[in-house]
Structures are given as C-alpha cells and as structure tokens.
Amino acid sequence: MNNTIKLRNMTSIYIIHNDKILMLYRQGSKVANNMWIGAAGGHFEDYEINDPKACLLRELNEELSLTEDMLTNLKLRYITLRNSNGEIRQNYYYFANYANADQIITSNEGSLRWVNFNELSELNMPFTAKYMLEHYLKIGRHNDYLYGGITNDKEVIFTELMPF
C-alpha cells in the first residue's frame with residue numbers, strides 16, 4: 001500500500017443554455033492540457049477545503065468574470081474519486097443554466113465554445129469528466145440527484161448519494 005498518496009480537490013462547472021454546454025479548450029495546464037473541460041474550475045485554496053461552492057464561485061469569477069447571480073439553478077451534481085499519479089483526485093462537478101448565451105464570455109484559461117449535447121462524445125476530455133458527462137446526458141439531466149462516482153481503469157461507476 002502506498003502511504004504517500006496526496007489529495008487533489010477540484011471543482012468544475014458546466015454551464016447550460018438550451019441543448020448546449022459551454023466548454024473550455026484548456027491549454028498550458030499540468031492536469032488537463034489540450035483537452036475540453038468545464039467552462040471554469042480549479043483547485044481548492046486552503047480556506048476552501050470544506051466548501052467546494054466557494055472554490056467554484058472564486059474560479060468562476062477569476063476565469064470568466066461571472067458571478068452566481070448571473071446563473072440560475074446552480075447545483076452540485078457529481079462528486080468523483082480517481083486514484084491517479086499518486087493522488088486521490090476528488091472532483092466536484094456543478095451545473096447551472098445561463099439565460100444570456102448571446103453575451104460573449106471569455107476565459108483567461110483557453111478557448112470557450114458552446115457545444116451541442118450530441119457533439120460532446122467527440123471531444124477529447126479528461127477520463128472522469130467524459131464519463132460524468134455521459135451519465136449526465138443519459139440520466140442526470142432528467143433529475144436533481146447528487147451522484148458519486150468511483151473510477152477504475154475502464155469506467156466510472158455512479159450511484160445516487162442519498163441523505164440518510
């Protein structure tokens with residue numbers, strides 16, 4: 001057993017307008033380079049360790065100059081765990097709606113594009129995000145559940161995280 005495993009906590013947001021998701025083509029990143037990812041997101045600051053929404057809102061403002069009041073239906077929908085390169089990567093995936101898709105949004109992290117739901121499977125994206133979006137399109141977008149996902153080398157297995 002490896003006793004030197006570190007934790008990497010990250011958030012990401014997928015902003016939706018009609019049947020499109022705002023995606024970012026990320027360049028120059030150590031974790032997700034030359035890949036499509038959610039519109040904004042990043043690593044937790046020390047003071048955010050128990051507050052993924054605070055991390056997400058900070059990243060949303062830093063990267064897209066958007067604030068929570070510019071979005072509707074902002075919700076944490078997926079939490080995933082992956083053991084990769086000596087780290088347990090815990091991702092908190094948020095979804096929200098955006099009413100003003102005609103407004104130009106820019107990012108300081110890469111190129112943004114509104115992508116049709118039916119085109120998402122063609123994009124190169126991180127392993128966990130690809131399975132999460134696949135699950136979202138088939139199941140998650142039709143409900144308001146929070147899902148947990150555990151990765152293995154072939155897939156991500158999702159289950160509803162119910163309070164009890």
# chains A, B, ... in the order shown; residues from 1 in each chain; ligands from 1

$ select_by_dssp --residues "chain A" --states "alpha helix (DSSP H)" --output "MDAnalysis selection string"
chainID A and resid 52:64 127:138

$ residues_around --residues "A:Glu48" --least-positions-apart "3" --cutoff "12 Å" --atoms "only C-alpha atoms" --output "number ranges by chain"
A: 9-11, 42-45, 51-59

$ write_last_selection --atoms "N, CA, C and O atoms" --output "short mmCIF file (atom, residue, chain, number, x, y, z; two decimals), in the first residue's frame"
data_model
loop_
_atom_site.label_atom_id
_atom_site.label_comp_id
_atom_site.auth_asym_id
_atom_site.auth_seq_id
_atom_site.Cartn_x
_atom_site.Cartn_y
_atom_site.Cartn_z
N ASN A 9 -8.15 18.26 -4.57
CA ASN A 9 -9.56 18.61 -4.62
C ASN A 9 -9.77 19.69 -5.68
O ASN A 9 -9.07 20.71 -5.67
N MET A 10 -10.77 19.46 -6.55
CA MET A 10 -11.01 20.38 -7.66
C MET A 10 -12.51 20.56 -7.88
O MET A 10 -13.30 19.67 -7.58
N THR A 11 -12.88 21.71 -8.41
CA THR A 11 -14.26 21.96 -8.82
C THR A 11 -14.28 22.27 -10.31
O THR A 11 -13.26 22.66 -10.91
N GLY A 42 -11.12 24.68 -10.85
CA GLY A 42 -9.73 24.62 -10.42
C GLY A 42 -9.58 24.01 -9.05
O GLY A 42 -10.50 23.37 -8.53
N HIS A 43 -8.42 24.22 -8.49
CA HIS A 43 -8.05 23.62 -7.21
C HIS A 43 -8.51 24.47 -6.04
O HIS A 43 -8.55 25.69 -6.12
N PHE A 44 -8.79 23.80 -4.95
CA PHE A 44 -9.19 24.47 -3.71
C PHE A 44 -8.03 25.25 -3.12
O PHE A 44 -6.89 24.77 -3.12
N GLU A 45 -8.33 26.42 -2.60
CA GLU A 45 -7.40 27.13 -1.73
C GLU A 45 -7.57 26.53 -0.33
O GLU A 45 -8.59 25.91 -0.03
N ASP A 51 -15.49 23.67 1.46
CA ASP A 51 -16.52 24.46 0.81
C ASP A 51 -16.30 24.50 -0.71
O ASP A 51 -15.79 25.48 -1.24
N PRO A 52 -16.67 23.42 -1.42
CA PRO A 52 -16.43 23.39 -2.86
C PRO A 52 -17.15 24.50 -3.62
O PRO A 52 -16.65 24.99 -4.63
N LYS A 53 -18.30 24.93 -3.12
CA LYS A 53 -19.02 26.01 -3.81
C LYS A 53 -18.23 27.31 -3.75
O LYS A 53 -18.18 28.06 -4.73
N ALA A 54 -17.59 27.60 -2.62
CA ALA A 54 -16.77 28.80 -2.51
C ALA A 54 -15.63 28.75 -3.52
O ALA A 54 -15.32 29.75 -4.18
N CYS A 55 -15.01 27.59 -3.66
CA CYS A 55 -13.95 27.42 -4.65
C CYS A 55 -14.49 27.66 -6.06
O CYS A 55 -13.90 28.37 -6.85
N LEU A 56 -15.63 27.06 -6.35
CA LEU A 56 -16.22 27.20 -7.68
C LEU A 56 -16.54 28.66 -7.99
O LEU A 56 -16.22 29.15 -9.07
N LEU A 57 -17.16 29.36 -7.05
CA LEU A 57 -17.53 30.76 -7.29
C LEU A 57 -16.30 31.64 -7.49
O LEU A 57 -16.30 32.55 -8.32
N ARG A 58 -15.23 31.37 -6.74
CA ARG A 58 -13.99 32.11 -6.93
C ARG A 58 -13.43 31.87 -8.32
O ARG A 58 -13.08 32.80 -9.05
N GLU A 59 -13.36 30.59 -8.72
CA GLU A 59 -12.83 30.25 -10.05
C GLU A 59 -13.71 30.82 -11.16
O GLU A 59 -13.20 31.32 -12.17
#

$ closest_residue --among "A:Leu112, A:Glu87, A:Thr80, A:Trp36" --to "A:Leu22" --atoms "only C-alpha atoms"
A:Leu112

$ closest_residue --among "A:Thr151, A:Arg89, A:Leu146, A:Ala129" --to "A:Ile5" --atoms "only C-alpha atoms"
A:Arg89

$ select_by_dssp --residues "chain A" --states "strand (DSSP E)" --output "number ranges by chain"
A: 6-17, 20-26, 35-38, 40-43, 72-84, 87-97, 110-116, 147-151, 156-160

$ closest_residue --among "A:Gln103, A:Asn143, A:Gln27, A:Ser111" --to "A:Glu160" --atoms "only C-alpha atoms"
A:Asn143

$ closest_residue --among "A:Ile157, A:Ile49, A:Leu71, A:Leu123" --to "A:Tyr92" --atoms "only C-alpha atoms"
A:Ile49

$ residues_around --residues "A:Glu122" --least-positions-apart "4" --cutoff "12 Å" --atoms "only C-alpha atoms" --output "PDB file with C-alpha atoms, in the first residue's frame"
ATOM      1  CA  MET A  35      -8.437  18.944 -23.582  1.00  0.00           C
ATOM      2  CA  TRP A  36     -12.033  20.098 -23.329  1.00  0.00           C
ATOM      3  CA  VAL A 115     -21.131  22.649 -27.715  1.00  0.00           C
ATOM      4  CA  ASN A 116     -24.294  20.761 -28.652  1.00  0.00           C
ATOM      5  CA  PHE A 117     -25.105  17.871 -26.316  1.00  0.00           C
ATOM      6  CA  ASN A 118     -24.848  15.422 -29.232  1.00  0.00           C
ATOM      7  CA  LYS A 130     -16.099  12.215 -20.075  1.00  0.00           C
ATOM      8  CA  LEU A 133     -20.989  13.986 -18.888  1.00  0.00           C
ATOM      9  CA  GLU A 134     -22.099  10.727 -20.496  1.00  0.00           C
TER      10      GLU A 134
END

$ atom_distance --atom1 "atom CA of A:Tyr147" --atom2 "atom CA of A:Glu63"
25.9 Å

$ closest_residue --among "A:Met162, A:Met23, A:Ala99, A:Ile16" --to "A:Tyr145" --atoms "only C-alpha atoms"
A:Met162

$ atom_distance --atom1 "atom CA of A:Asp102" --atom2 "atom CA of A:Thr67"
16.9 Å

$ atom_distance --atom1 "atom CA of A:Arg113" --atom2 "atom CA of A:Leu64"
12.7 Å

$ closest_residue --among "A:Glu119, A:Glu109, A:Asp144, A:Glu155" --to "A:Tyr25" --atoms "only C-alpha atoms"
A:Glu109
